[in-house]
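Coordinates as given in query-v8.txt (compact mmCIF, C-alpha atoms and all ligand atoms):
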```txt
# COMPACT_ATOMS: atom_id res chain seq x y z
CA ALA A 28 -259.32 17.33 -61.35
CA SER A 29 -258.38 21.00 -61.01
CA THR A 30 -260.88 23.71 -60.16
CA ASN A 31 -261.33 26.93 -62.13
CA ALA A 32 -259.61 28.79 -59.30
CA GLU A 33 -256.58 26.48 -59.31
CA LEU A 34 -256.23 26.76 -63.08
CA MET A 35 -256.65 30.55 -62.91
CA ALA A 36 -253.76 30.71 -60.42
CA ARG A 37 -251.53 28.66 -62.74
CA ARG A 38 -252.65 30.78 -65.70
CA ARG A 39 -251.73 33.99 -63.88
CA ALA A 40 -248.26 32.64 -63.14
CA ALA A 41 -247.62 31.20 -66.61
CA VAL A 42 -249.43 33.49 -69.09
CA PRO A 43 -248.77 37.22 -69.55
CA ARG A 44 -251.47 39.42 -68.06
CA GLY A 45 -251.89 41.16 -71.42
CA VAL A 46 -253.96 38.20 -72.62
CA GLY A 47 -257.39 39.17 -71.35
CA GLN A 48 -260.07 36.72 -70.27
CA ALA A 49 -263.75 37.63 -70.16
CA HIS A 50 -264.73 34.89 -67.69
CA GLU A 51 -262.71 32.98 -65.06
CA ILE A 52 -263.83 29.67 -66.48
CA PHE A 53 -261.87 26.71 -67.86
CA ILE A 54 -263.74 24.50 -70.30
CA ALA A 55 -263.82 20.70 -70.16
CA ARG A 56 -266.07 19.85 -73.13
CA ALA A 57 -268.56 21.44 -75.48
CA GLU A 58 -271.46 20.61 -77.76
CA ASN A 59 -273.29 22.99 -80.11
CA ALA A 60 -274.30 26.05 -78.02
CA GLU A 61 -273.46 24.60 -74.61
CA PHE A 62 -270.26 23.76 -72.75
CA TRP A 63 -269.26 22.34 -69.40
CA ASP A 64 -266.42 23.65 -67.27
CA VAL A 65 -263.78 21.69 -65.34
CA GLU A 66 -266.07 21.66 -62.30
CA GLY A 67 -268.96 20.15 -64.27
CA LYS A 68 -271.03 23.33 -64.44
CA ARG A 69 -273.06 23.78 -67.63
CA TYR A 70 -273.10 27.03 -69.63
CA ILE A 71 -275.16 28.34 -72.51
CA ASP A 72 -272.73 29.94 -74.96
CA PHE A 73 -273.92 33.28 -76.36
CA ALA A 74 -270.30 34.29 -77.15
CA GLY A 75 -269.47 31.65 -79.76
CA GLY A 76 -265.73 32.04 -79.25
CA ILE A 77 -266.08 35.64 -80.51
CA ALA A 78 -268.06 34.93 -83.67
CA VAL A 79 -266.26 31.69 -84.56
CA LEU A 80 -268.97 29.16 -83.78
CA ASN A 81 -271.87 30.00 -86.10
CA THR A 82 -272.13 26.23 -86.66
CA GLY A 83 -271.75 25.52 -82.92
CA HIS A 84 -269.09 23.73 -80.89
CA CYS A 85 -267.81 20.50 -82.44
CA HIS A 86 -270.42 20.19 -85.20
CA PRO A 87 -270.38 16.44 -86.02
CA ARG A 88 -270.07 16.98 -89.79
CA ILE A 89 -267.13 19.38 -89.35
CA ILE A 90 -265.35 17.10 -86.85
CA GLU A 91 -265.86 14.20 -89.26
CA ALA A 92 -264.38 16.16 -92.18
CA VAL A 93 -261.36 17.21 -90.10
CA LYS A 94 -260.79 13.65 -88.87
CA ALA A 95 -260.90 12.38 -92.46
CA GLN A 96 -258.34 15.03 -93.45
CA LEU A 97 -256.10 14.11 -90.50
CA ASP A 98 -255.83 10.57 -91.83
CA LEU A 99 -254.67 11.74 -95.29
CA TYR A 100 -252.15 14.56 -94.70
CA THR A 101 -252.03 17.57 -92.40
CA HIS A 102 -249.44 19.85 -93.93
CA THR A 103 -247.36 20.40 -97.03
CA CYS A 104 -247.25 24.20 -97.20
CA PHE A 105 -249.39 25.13 -100.20
CA GLN A 106 -246.43 26.95 -101.78
CA VAL A 107 -244.43 23.68 -101.77
CA VAL A 108 -246.96 21.01 -102.74
CA ALA A 109 -250.58 21.99 -103.39
CA TYR A 110 -253.82 20.22 -102.43
CA GLU A 111 -257.32 20.28 -103.90
CA PRO A 112 -259.25 21.43 -100.78
CA TYR A 113 -257.48 24.82 -100.97
CA VAL A 114 -258.50 25.28 -104.60
CA GLU A 115 -262.04 24.08 -103.96
CA LEU A 116 -262.47 26.46 -101.03
CA ALA A 117 -261.04 29.30 -103.15
CA GLU A 118 -263.61 28.54 -105.85
CA ARG A 119 -266.50 28.27 -103.40
CA LEU A 120 -265.72 31.55 -101.61
CA ALA A 121 -265.18 33.40 -104.88
CA ALA A 122 -268.59 32.21 -106.09
CA LEU A 123 -270.20 33.57 -102.92
CA ALA A 124 -268.63 37.04 -103.14
CA PRO A 125 -270.91 39.75 -104.56
CA GLY A 126 -270.02 41.91 -107.57
CA GLU A 127 -269.52 41.42 -111.29
CA GLY A 128 -266.55 39.70 -112.89
CA ALA A 129 -264.04 37.00 -112.01
CA LYS A 130 -262.88 36.61 -108.40
CA LYS A 131 -259.90 34.92 -106.75
CA THR A 132 -259.25 33.84 -103.17
CA LEU A 133 -256.11 33.90 -101.02
CA LEU A 134 -256.14 31.71 -97.90
CA LEU A 135 -254.31 32.55 -94.67
CA SER A 136 -254.69 31.66 -90.99
CA THR A 137 -256.08 34.54 -88.92
CA GLY A 138 -258.32 37.54 -89.40
CA ALA A 139 -255.49 40.00 -88.83
CA GLU A 140 -253.42 38.21 -91.47
CA ALA A 141 -256.30 38.49 -93.93
CA VAL A 142 -256.53 42.24 -93.28
CA GLU A 143 -252.74 42.64 -93.62
CA ASN A 144 -252.86 40.86 -96.96
CA ALA A 145 -255.85 42.84 -98.22
CA VAL A 146 -253.83 46.01 -97.59
CA LYS A 147 -250.75 44.54 -99.31
CA ILE A 148 -252.84 43.56 -102.35
CA ALA A 149 -254.58 46.95 -102.50
CA ARG A 150 -251.23 48.77 -102.34
CA SER A 151 -249.74 46.51 -104.97
CA TYR A 152 -252.68 47.01 -107.35
CA THR A 153 -253.05 50.77 -106.92
CA LYS A 154 -249.32 51.49 -106.39
CA ARG A 155 -250.47 53.83 -103.61
CA PRO A 156 -249.63 53.82 -99.89
CA GLY A 157 -252.64 55.32 -98.07
CA VAL A 158 -255.37 53.44 -96.20
CA ILE A 159 -258.45 55.04 -94.68
CA ALA A 160 -260.12 53.20 -91.80
CA PHE A 161 -262.88 54.38 -89.44
CA THR A 162 -263.32 55.42 -85.83
CA GLY A 163 -264.32 52.56 -83.57
CA GLY A 164 -263.25 49.96 -86.13
CA TYR A 165 -261.34 46.84 -85.15
CA HIS A 166 -259.05 45.02 -87.57
CA GLY A 167 -256.63 42.98 -85.44
CA ARG A 168 -253.61 42.96 -83.16
CA THR A 169 -250.66 42.92 -85.59
CA VAL A 170 -248.89 46.24 -85.98
CA MET A 171 -250.52 47.20 -89.31
CA THR A 172 -253.97 46.09 -88.20
CA LEU A 173 -253.55 47.94 -84.90
CA GLY A 174 -252.76 51.00 -86.97
CA LEU A 175 -256.10 50.49 -88.74
CA THR A 176 -257.99 49.82 -85.50
CA GLY A 177 -259.84 52.89 -84.30
CA LYS A 178 -259.65 52.46 -80.52
CA VAL A 179 -256.60 53.09 -78.33
CA ALA A 180 -257.04 51.34 -74.95
CA PRO A 181 -256.43 48.47 -74.53
CA TYR A 182 -255.43 47.46 -78.04
CA LYS A 183 -252.87 50.07 -79.07
CA THR A 184 -251.57 51.25 -75.69
CA GLY A 185 -247.76 51.09 -75.65
CA PHE A 186 -247.45 49.23 -78.96
CA GLY A 187 -246.66 52.03 -81.41
CA PRO A 188 -245.31 53.45 -83.60
CA PHE A 189 -247.79 52.16 -86.13
CA PRO A 190 -247.29 52.20 -89.92
CA GLY A 191 -247.66 55.57 -91.59
CA GLU A 192 -250.20 56.52 -94.23
CA VAL A 193 -253.13 55.20 -92.18
CA PHE A 194 -255.94 57.67 -91.50
CA HIS A 195 -259.23 57.48 -89.67
CA ALA A 196 -262.46 59.04 -90.85
CA LEU A 197 -265.69 59.07 -88.82
CA PHE A 198 -267.83 55.95 -88.82
CA PRO A 199 -271.48 56.99 -89.06
CA ASN A 200 -273.41 56.44 -85.87
CA PRO A 201 -276.80 58.19 -85.94
CA LEU A 202 -277.58 56.95 -82.40
CA HIS A 203 -274.62 59.02 -81.19
CA GLY A 204 -275.13 62.00 -83.44
CA ILE A 205 -272.86 61.16 -86.37
CA SER A 206 -274.84 61.13 -89.61
CA VAL A 207 -273.84 59.55 -92.92
CA GLU A 208 -273.24 63.09 -94.21
CA ASP A 209 -270.89 63.83 -91.27
CA ALA A 210 -268.98 60.62 -91.91
CA LEU A 211 -268.56 61.25 -95.64
CA ALA A 212 -267.63 64.87 -94.92
CA SER A 213 -264.86 63.60 -92.63
CA VAL A 214 -263.41 61.65 -95.57
CA ALA A 215 -263.44 64.86 -97.61
CA LEU A 216 -261.61 66.57 -94.75
CA LEU A 217 -258.90 63.87 -94.80
CA PHE A 218 -258.49 64.48 -98.53
CA LYS A 219 -258.12 68.19 -97.81
CA ASN A 220 -255.93 68.08 -94.69
CA ASP A 221 -254.02 64.79 -94.58
CA ILE A 222 -253.66 62.86 -97.83
CA GLU A 223 -254.65 63.54 -101.43
CA PRO A 224 -257.08 60.91 -102.79
CA GLU A 225 -254.60 60.02 -105.56
CA ARG A 226 -252.34 58.55 -102.87
CA VAL A 227 -255.03 56.46 -101.16
CA ALA A 228 -255.05 52.71 -101.95
CA ALA A 229 -258.12 51.66 -100.00
CA PHE A 230 -260.97 52.27 -97.62
CA ILE A 231 -261.43 49.46 -95.10
CA VAL A 232 -264.77 49.18 -93.33
CA GLU A 233 -266.70 46.59 -91.33
CA PRO A 234 -270.29 46.11 -92.61
CA VAL A 235 -271.27 45.97 -88.93
CA GLN A 236 -268.62 47.10 -86.45
CA GLY A 237 -267.92 44.12 -84.21
CA GLU A 238 -265.62 44.99 -81.32
CA GLY A 239 -266.69 48.62 -81.88
CA GLY A 240 -270.24 47.96 -80.70
CA PHE A 241 -272.39 46.26 -83.37
CA TYR A 242 -273.09 49.46 -85.29
CA GLU A 243 -274.12 48.88 -88.90
CA ALA A 244 -272.57 50.82 -91.77
CA PRO A 245 -275.69 52.39 -93.35
CA ALA A 246 -276.37 51.64 -97.04
CA ALA A 247 -276.01 55.32 -97.97
CA PHE A 248 -272.58 55.40 -96.32
CA VAL A 249 -271.15 52.42 -98.19
CA ALA A 250 -272.70 53.76 -101.40
CA GLY A 251 -270.95 57.07 -100.68
CA LEU A 252 -267.63 55.33 -100.09
CA ARG A 253 -268.06 53.35 -103.33
CA GLU A 254 -268.68 56.58 -105.22
CA LEU A 255 -265.57 58.23 -103.75
CA ALA A 256 -263.58 55.07 -104.45
CA ASP A 257 -264.65 55.00 -108.10
CA GLN A 258 -264.06 58.71 -108.52
CA HIS A 259 -260.48 58.51 -107.23
CA GLY A 260 -259.32 54.99 -108.14
CA ILE A 261 -259.47 53.81 -104.51
CA LEU A 262 -260.38 50.24 -103.56
CA LEU A 263 -263.11 49.34 -101.08
CA ILE A 264 -262.31 46.54 -98.60
CA ALA A 265 -265.10 44.97 -96.54
CA ASP A 266 -263.63 43.51 -93.34
CA GLU A 267 -266.04 40.62 -92.80
CA VAL A 268 -263.96 38.75 -90.23
CA GLN A 269 -266.77 39.10 -87.67
CA THR A 270 -269.79 39.69 -89.94
CA GLY A 271 -269.02 36.91 -92.44
CA ALA A 272 -269.97 33.24 -92.62
CA GLY A 273 -273.70 33.84 -92.27
CA ARG A 274 -273.83 35.85 -89.07
CA THR A 275 -275.90 38.65 -90.57
CA GLY A 276 -278.36 36.50 -92.53
CA THR A 277 -276.35 36.37 -95.78
CA TRP A 278 -273.02 34.56 -96.20
CA PHE A 279 -271.27 37.93 -96.49
CA ALA A 280 -272.93 40.96 -94.92
CA CYS A 281 -271.90 43.05 -97.96
CA GLU A 282 -274.34 41.02 -100.06
CA GLN A 283 -276.89 43.35 -98.45
CA TRP A 284 -275.02 46.48 -99.61
CA PRO A 285 -276.31 48.44 -102.57
CA VAL A 286 -272.76 48.27 -104.01
CA ALA A 287 -269.99 45.64 -104.06
CA PRO A 288 -266.57 45.91 -102.40
CA ASP A 289 -263.39 45.10 -104.33
CA LEU A 290 -261.93 42.90 -101.60
CA ILE A 291 -263.45 40.98 -98.68
CA THR A 292 -261.64 39.60 -95.65
CA SER A 293 -263.07 36.54 -93.90
CA ALA A 294 -262.03 34.35 -90.94
CA LYS A 295 -263.62 33.17 -87.66
CA SER A 296 -266.85 31.22 -88.38
CA MET A 297 -265.85 30.30 -91.94
CA ALA A 298 -264.23 27.15 -90.51
CA GLY A 299 -266.34 26.49 -87.42
CA GLY A 300 -263.53 26.62 -84.86
CA PHE A 301 -260.44 25.88 -86.94
CA PRO A 302 -257.92 28.61 -87.83
CA ILE A 303 -258.18 29.71 -91.44
CA SER A 304 -258.87 33.05 -93.10
CA ALA A 305 -259.31 34.46 -96.58
CA VAL A 306 -259.09 37.47 -98.83
CA ILE A 307 -261.60 37.23 -101.67
CA GLY A 308 -261.71 39.79 -104.42
CA ARG A 309 -261.60 40.96 -108.01
CA ALA A 310 -259.23 38.68 -109.92
CA ASP A 311 -257.35 41.60 -111.52
CA VAL A 312 -256.75 43.13 -108.09
CA MET A 313 -255.84 39.83 -106.42
CA ASP A 314 -253.29 39.15 -109.19
CA ALA A 315 -251.40 42.41 -108.66
CA PRO A 316 -248.72 41.02 -106.29
CA GLY A 317 -246.05 39.08 -108.18
CA PRO A 318 -245.26 35.36 -107.75
CA GLY A 319 -243.93 34.72 -104.25
CA GLY A 320 -245.42 37.94 -102.90
CA LEU A 321 -248.19 36.22 -100.96
CA GLY A 322 -248.42 33.17 -98.73
CA GLY A 323 -247.36 31.76 -95.38
CA THR A 324 -246.22 28.43 -93.96
CA TYR A 325 -249.61 27.45 -92.56
CA ALA A 326 -251.69 29.72 -94.81
CA GLY A 327 -254.76 27.80 -96.01
CA SER A 328 -253.89 24.69 -94.02
CA PRO A 329 -255.51 21.43 -95.20
CA ILE A 330 -257.24 21.07 -91.82
CA GLY A 331 -258.73 24.56 -92.09
CA CYS A 332 -259.79 23.94 -95.70
CA ALA A 333 -261.50 20.67 -94.79
CA ALA A 334 -263.31 22.38 -91.92
CA ALA A 335 -264.38 25.36 -94.04
CA LEU A 336 -265.73 23.14 -96.83
CA ALA A 337 -267.71 21.23 -94.20
CA VAL A 338 -269.06 24.52 -92.82
CA LEU A 339 -270.36 25.45 -96.28
CA GLU A 340 -272.02 22.04 -96.54
CA VAL A 341 -273.64 22.43 -93.10
CA PHE A 342 -274.94 25.89 -94.07
CA GLU A 343 -276.71 24.35 -97.06
CA GLN A 344 -277.98 21.22 -95.32
CA GLU A 345 -279.28 23.05 -92.26
CA GLN A 346 -280.35 26.20 -94.15
CA LEU A 347 -278.40 28.33 -91.71
CA LEU A 348 -278.81 31.59 -93.64
CA GLN A 349 -282.57 31.46 -93.16
CA ARG A 350 -281.95 30.35 -89.60
CA SER A 351 -279.69 33.36 -89.04
CA GLN A 352 -282.52 35.71 -90.02
CA ALA A 353 -285.15 33.94 -87.92
CA LEU A 354 -282.80 33.69 -84.95
CA GLY A 355 -282.02 37.40 -85.24
CA GLU A 356 -285.74 38.22 -85.01
CA ARG A 357 -286.16 35.95 -82.01
CA LEU A 358 -283.17 37.49 -80.24
CA ARG A 359 -284.27 41.06 -80.96
CA ALA A 360 -287.79 40.30 -79.70
CA GLY A 361 -286.29 38.85 -76.51
CA LEU A 362 -284.02 41.84 -76.02
CA ARG A 363 -286.88 44.27 -76.68
CA ALA A 364 -288.88 42.52 -73.96
CA ILE A 365 -285.96 43.12 -71.58
CA ALA A 366 -285.68 46.74 -72.75
CA ALA A 367 -289.35 47.29 -71.89
CA LYS A 368 -288.53 46.52 -68.25
CA VAL A 369 -284.99 47.96 -67.96
CA PRO A 370 -284.75 51.74 -68.48
CA ALA A 371 -280.95 51.50 -68.89
CA VAL A 372 -281.38 49.76 -72.26
CA VAL A 373 -281.01 52.61 -74.76
CA ASP A 374 -280.96 50.54 -77.95
CA VAL A 375 -281.67 47.05 -79.29
CA ARG A 376 -280.25 46.44 -82.74
CA GLY A 377 -278.84 43.89 -85.09
CA LEU A 378 -278.40 42.66 -88.63
CA GLY A 379 -279.45 39.02 -88.94
CA ALA A 380 -278.21 37.17 -85.89
CA MET A 381 -275.54 39.80 -85.08
CA VAL A 382 -277.57 41.30 -82.27
CA ALA A 383 -276.82 43.64 -79.37
CA LEU A 384 -278.26 45.86 -76.69
CA GLU A 385 -276.68 49.09 -75.48
CA LEU A 386 -276.78 50.46 -71.93
CA GLY A 387 -276.80 54.07 -70.73
CA LYS A 388 -277.09 55.46 -67.20
CA ASP A 389 -280.71 56.41 -66.46
CA GLY A 390 -281.56 55.49 -70.03
CA ASP A 391 -279.38 58.33 -71.37
CA VAL A 392 -277.75 57.28 -74.62
CA HIS A 393 -274.96 59.81 -73.98
CA GLN A 394 -273.90 58.24 -70.67
CA PRO A 395 -272.49 54.81 -71.55
CA ASP A 396 -272.92 52.41 -68.63
CA ALA A 397 -269.94 50.05 -68.74
CA ASP A 398 -270.36 49.35 -65.03
CA LEU A 399 -273.87 47.95 -65.39
CA THR A 400 -272.78 46.06 -68.53
CA GLY A 401 -270.00 44.36 -66.56
CA ARG A 402 -272.33 43.52 -63.68
CA VAL A 403 -274.94 41.96 -65.98
CA VAL A 404 -272.31 39.95 -67.85
CA ARG A 405 -270.85 38.62 -64.57
CA GLU A 406 -274.26 37.85 -63.09
CA ALA A 407 -275.29 35.99 -66.25
CA ALA A 408 -272.11 33.90 -66.12
CA ARG A 409 -272.86 33.04 -62.48
CA ARG A 410 -276.26 31.86 -63.70
CA GLY A 411 -274.76 29.80 -66.53
CA LEU A 412 -274.92 32.12 -69.56
CA VAL A 413 -271.71 33.28 -71.24
CA LEU A 414 -271.98 36.74 -72.82
CA LEU A 415 -269.52 39.22 -74.30
CA SER A 416 -269.53 42.97 -74.08
CA CYS A 417 -268.15 45.30 -76.75
CA GLY A 418 -268.26 48.94 -77.86
CA SER A 419 -265.86 51.86 -77.63
CA TYR A 420 -267.24 52.49 -74.13
CA GLY A 421 -267.75 48.84 -73.12
CA ASN A 422 -271.49 49.37 -72.72
CA VAL A 423 -272.86 47.00 -75.35
CA ILE A 424 -273.86 43.37 -74.76
CA ARG A 425 -273.50 41.42 -77.99
CA ILE A 426 -274.92 38.06 -78.91
CA LEU A 427 -272.97 35.66 -81.13
CA VAL A 428 -274.75 32.43 -80.23
CA PRO A 429 -274.38 29.50 -82.67
CA LEU A 430 -276.98 29.62 -85.45
CA THR A 431 -277.48 25.90 -84.78
CA ALA A 432 -278.84 26.52 -81.26
CA SER A 433 -282.43 25.40 -80.73
CA ASP A 434 -285.18 27.92 -80.03
CA ALA A 435 -285.58 26.33 -76.60
CA LEU A 436 -281.95 27.00 -75.74
CA ILE A 437 -282.15 30.56 -77.10
CA ASP A 438 -285.22 31.23 -74.96
CA GLU A 439 -283.50 29.73 -71.93
CA GLY A 440 -280.50 32.01 -72.49
CA LEU A 441 -282.73 35.06 -72.95
CA GLN A 442 -284.52 34.21 -69.70
CA VAL A 443 -281.17 34.04 -67.85
CA LEU A 444 -280.28 37.42 -69.32
CA ALA A 445 -283.63 38.88 -68.21
CA ASP A 446 -283.15 37.41 -64.72
CA SER A 447 -279.62 38.81 -64.56
CA PHE A 448 -280.91 42.30 -65.37
CA ALA A 449 -283.60 41.91 -62.72
CA ALA A 450 -280.94 40.89 -60.20
CA VAL A 451 -278.45 43.70 -60.76
CA ALA A 452 -280.10 46.58 -62.64
N1 LIG A 501 -261.32 42.18 -88.18
C1 LIG A 501 -262.44 42.12 -87.47
C2 LIG A 501 -263.65 42.85 -87.96
C3 LIG A 501 -262.49 41.37 -86.28
O1 LIG A 501 -263.63 41.34 -85.56
C4 LIG A 501 -261.33 40.67 -85.85
C5 LIG A 501 -261.32 39.84 -84.58
N2 LIG A 501 -262.18 40.19 -83.57
C6 LIG A 501 -260.17 40.76 -86.63
C7 LIG A 501 -260.21 41.51 -87.81
C8 LIG A 501 -258.92 40.04 -86.26
O2 LIG A 501 -259.07 38.67 -86.40
P1 LIG A 501 -258.09 37.67 -85.65
O3 LIG A 501 -258.31 37.84 -84.19
O4 LIG A 501 -258.47 36.31 -86.16
O5 LIG A 501 -256.71 38.05 -86.05
```
So, in terms of structure tokens, how does the structure I just supplied come out?
Amino acid sequence: ASTNAELMARRRAAVPRGVGQAHEIFIARAENAEFWDVEGKRYIDFAGGIAVLNTGHCHPRIIEAVKAQLDLYTHTCFQVVAYEPYVELAERLAALAPGEGAKKTLLLSTGAEAVENAVKIARSYTKRPGVIAFTGGYHGRTVMTLGLTGKVAPYKTGFGPFPGEVFHALFPNPLHGISVEDALASVALLFKNDIEPERVAAFIVEPVQGEGGFYEAPAAFVAGLRELADQHGILLIADEVQTGAGRTGTWFACEQWPVAPDLITSAKSMAGGFPISAVIGRADVMDAPGPGGLGGTYAGSPIGCAAALAVLEVFEQEQLLQRSQALGERLRAGLRAIAAKVPAVVDVRGLGAMVALELGKDGDVHQPDADLTGRVVREAARRGLVLLSCGSYGNVIRILVPLTASDALIDEGLQVLADSFAAVA
């Protein structure tokens, strides 16, 4: 059998360097919130494949549903010959989306594709070109979604030009001195300096910024956006690719908003490790594009649909929304205990089980400590805990552990994190 080092050497020769890799580890097998590498070393997984594994690695019920689907048919292209699991998933997701009135669901394959399609639908419905996104936001790696993403290096570097008519307003971040009023005022400035509101199709916002650093969009901010949207005929898109599928304690994070969005994008954990994504929204909006305007060869694949329907079943059977809330409390308590001992921790935060801690040099919130973040993440991996960092300054450690992990495993992981801080901080 090959070692991690041998496989890394082959990877470097065969795969472009642009594909990053957080840890120099090759996996051999996985189960729930643990995996084993090719050298037999065991890891606790607090990364969850970047928010994909809310139901854990290889959940037996999901694997069973996918195997059953494999024996029936694997592909037709939904635009050629349809299949019931697509329709059933569309119905189920529409029923879960907040807001009054009828909803419809479009299925795709990736998060970026869902965001692309949400923009297409919003433009088609409003007959307007403009899209307003927010600083620090992340929406994907395709050219349109890179245009929406609010961070240059490494995502956008060298890949432009990006589509026109995309503008960025300030995302509120009270911890870093940007109030809700500042953020809403920056939208007003865009309307004054860059694009008239009558030409804006949509706002797109993450309920909690994921890659951007686990900063929550405050209720007053989304309420303010909703008000501007209603005033000017603009649509509100909630990008729930990272926040969705129960991560924040509700199926969609925007269920906790005081207002409803018009469109929601979903991907990642909605299918427990299989590639499928969705745009869910107001039926009148979703029906704006004409026949043939939406789709894709693999969009809403039968395998993805079977997996996603099984995920919904597992959420009910194992009461994972309640678990998400309880787990979030447990994680925040554990991180607060670390913060009490480590002056560099400037913030512990989280919505449901979407939890993070932020590091600043000498405990100064204005001096992001990416160096310490990297050292802790590497030390934890050496000790068998896989973590991910995030944030515009790379100084946030985020936790996306499966909701199905036991309390004992969570506590073990938190202890490794505490020990890693003690070793390097
Ligand atoms: N939107 C958000 C909020 C995301 O977090 C991500 C992925 N990290 C995407 C869109 C893009 O999803 P994908 O990588 O599946 O294209």
TODO: Would you mind listing the residues within 6 Å of ligand LIG 501 (chain A), counting all atoms listed in the file, as JSON, numbers by chain?
DONE: {"A": [137, 138, 139, 165, 166, 167, 233, 237, 238, 266, 267, 268, 269]}
TODO: Taking (-266.5, 31.3, -63.5) in the file's own coordinates, collect the residues within 8 Å, counting only C-alpha atoms, and hand them back as JSON, numbers by chain.
DONE: {"A": [31, 50, 51, 52, 53, 408, 409]}
TODO: Just give me the residues with any atom within 6 Å of (-260.7, 53.0, -93.1), file coordinates, counting all atoms listed in the file, written as a ChimeraX atom specification.
DONE: /A:159-161,195,230-232
Within 12 Å of region 283-287 of chain A, which residues of region 94-181 of chain A come that close, and what is the closest atom pair and distance in Å for each? Count all atoms listed in the file and give it as a Markdown table.
```
| residue | atom | partner | partner_atom | distance |
| --- | --- | --- | --- | --- |
| A:Ala124 | CA | A:Ala287 | CA | 8.8 |
| A:Pro125 | CA | A:Ala287 | CA | 6.0 |
| A:Gly126 | CA | A:Ala287 | CA | 5.1 |
| A:Glu127 | CA | A:Ala287 | CA | 8.4 |
| A:Gly128 | CA | A:Ala287 | CA | 11.2 |
```
Task: Close residues, region 338-350 of chain A itself excluded, 10 Å, all atoms listed in the file, min 5 positions apart in chain, as a ChimeraX atom specification - done: /A:81-82,86-89,92,116,119-120,272-278,296-300,332-333,355-356,379-380,429-432
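Comparing the minimum interatomic distances between Ala353 (chain A) and each of A:Leu378, A:Val404, A:Ile205, A:Ala366, counting only C-alpha atoms, we find that A:Leu378 sits nearest.
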Task: Selected residue of minimal separation from Thr153 (chain A) among A:Ala294, A:Leu399, A:Leu202, A:Ala315, counting only C-alpha atoms - done: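 For Thr153 (chain A), the nearest of the candidates is A:Ala315.
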TODO: Write out as a PyMOL selection string each polymer residue whose atoms come within 12 Å of Val46 (chain A), counting only C-alpha atoms; drop sequence neighbours fewer than 4 positions from it.
DONE: chain A and resi 38-39+41-42+168+181-182
Open item on the list: Between CA of Asn59 (chain A) and CA of Leu358 (chain A), what distance in Å does the model show, to one decimal?
Closed with: 17.5 Å
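Between CA of Ala256 (chain A) and CA of Leu217 (chain A) lies a distance of 13.9 Å.
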Enumerate, in order of chain and increasing residue number, the residues of region 83-198 of chain A with an atom no farther than 12 Å from region 418-423 of chain A, each with its shortest atom pair and distance in Å to one decimal, counting all atoms listed in the file, as a tab-separated table.
```
residue	atom	partner	partner_atom	distance
A:Thr162	CA	A:Ser419	CA	9.3
A:Gly163	CA	A:Ser419	CA	6.2
A:Gly164	CA	A:Ser419	CA	9.1
A:Tyr165	CA	A:Ser419	CA	10.1
A:Thr176	CA	A:Ser419	CA	11.3
A:Gly177	CA	A:Ser419	CA	9.0
A:Lys178	CA	A:Ser419	CA	6.9
A:Val179	CA	A:Ser419	CA	9.4
A:Ala180	CA	A:Ser419	CA	9.2
A:Pro181	CA	A:Ser419	CA	10.5
A:Tyr182	CA	A:Ser419	CA	11.3
```
Task: Lys68 (chain A) environment, 10 Å, all atoms listed in the file, sequence neighbours closer than 2 positions dropped, as a list of chain:residue names - done: A:Ile52, A:Ile54, A:Ala55, A:Phe62, A:Trp63, A:Asp64, A:Val65, A:Glu66, A:Tyr70, A:Gly411
- [ ] Show which residues sit within 8 Å of Gly390 (chain A), as a PyMOL selection string. Count all atoms listed in the file, and ignore same-chain residues fewer than 3 positions away.
- [x] chain A and resi 370-373+386-387
Task: For Leu290 (chain A), the nearest of the candidates A:Ile261, A:Leu197, A:Ile222, A:Ala435, counting all atoms listed in the file - done: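 Ranked by minimum distance to Leu290 (chain A), first place goes to A:Ile261.
CA of Gly239 (chain A) sits 18.9 Å away from CA of Val158 (chain A).
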Can you give me N, CA and C atoms for region 193-199 of chain A, written as a compact mmCIF listing (two decimals), in the coordinates of the input?
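Now in rebuild_37.txt:
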```txt
# COMPACT_ATOMS: atom_id res chain seq x y z
N VAL A 193 -251.82 55.71 -92.61
CA VAL A 193 -253.13 55.20 -92.18
C VAL A 193 -253.90 56.37 -91.57
N PHE A 194 -255.12 56.55 -92.00
CA PHE A 194 -255.94 57.67 -91.50
C PHE A 194 -257.31 57.16 -91.07
N HIS A 195 -257.89 57.88 -90.14
CA HIS A 195 -259.23 57.48 -89.67
C HIS A 195 -260.26 58.57 -89.97
N ALA A 196 -261.32 58.16 -90.65
CA ALA A 196 -262.46 59.04 -90.85
C ALA A 196 -263.56 58.60 -89.87
N LEU A 197 -264.61 59.40 -89.76
CA LEU A 197 -265.69 59.07 -88.82
C LEU A 197 -266.56 57.94 -89.35
N PHE A 198 -266.84 56.98 -88.48
CA PHE A 198 -267.83 55.95 -88.82
C PHE A 198 -269.20 56.53 -88.47
N PRO A 199 -270.16 56.41 -89.37
CA PRO A 199 -271.48 56.99 -89.06
C PRO A 199 -272.14 56.27 -87.90
```
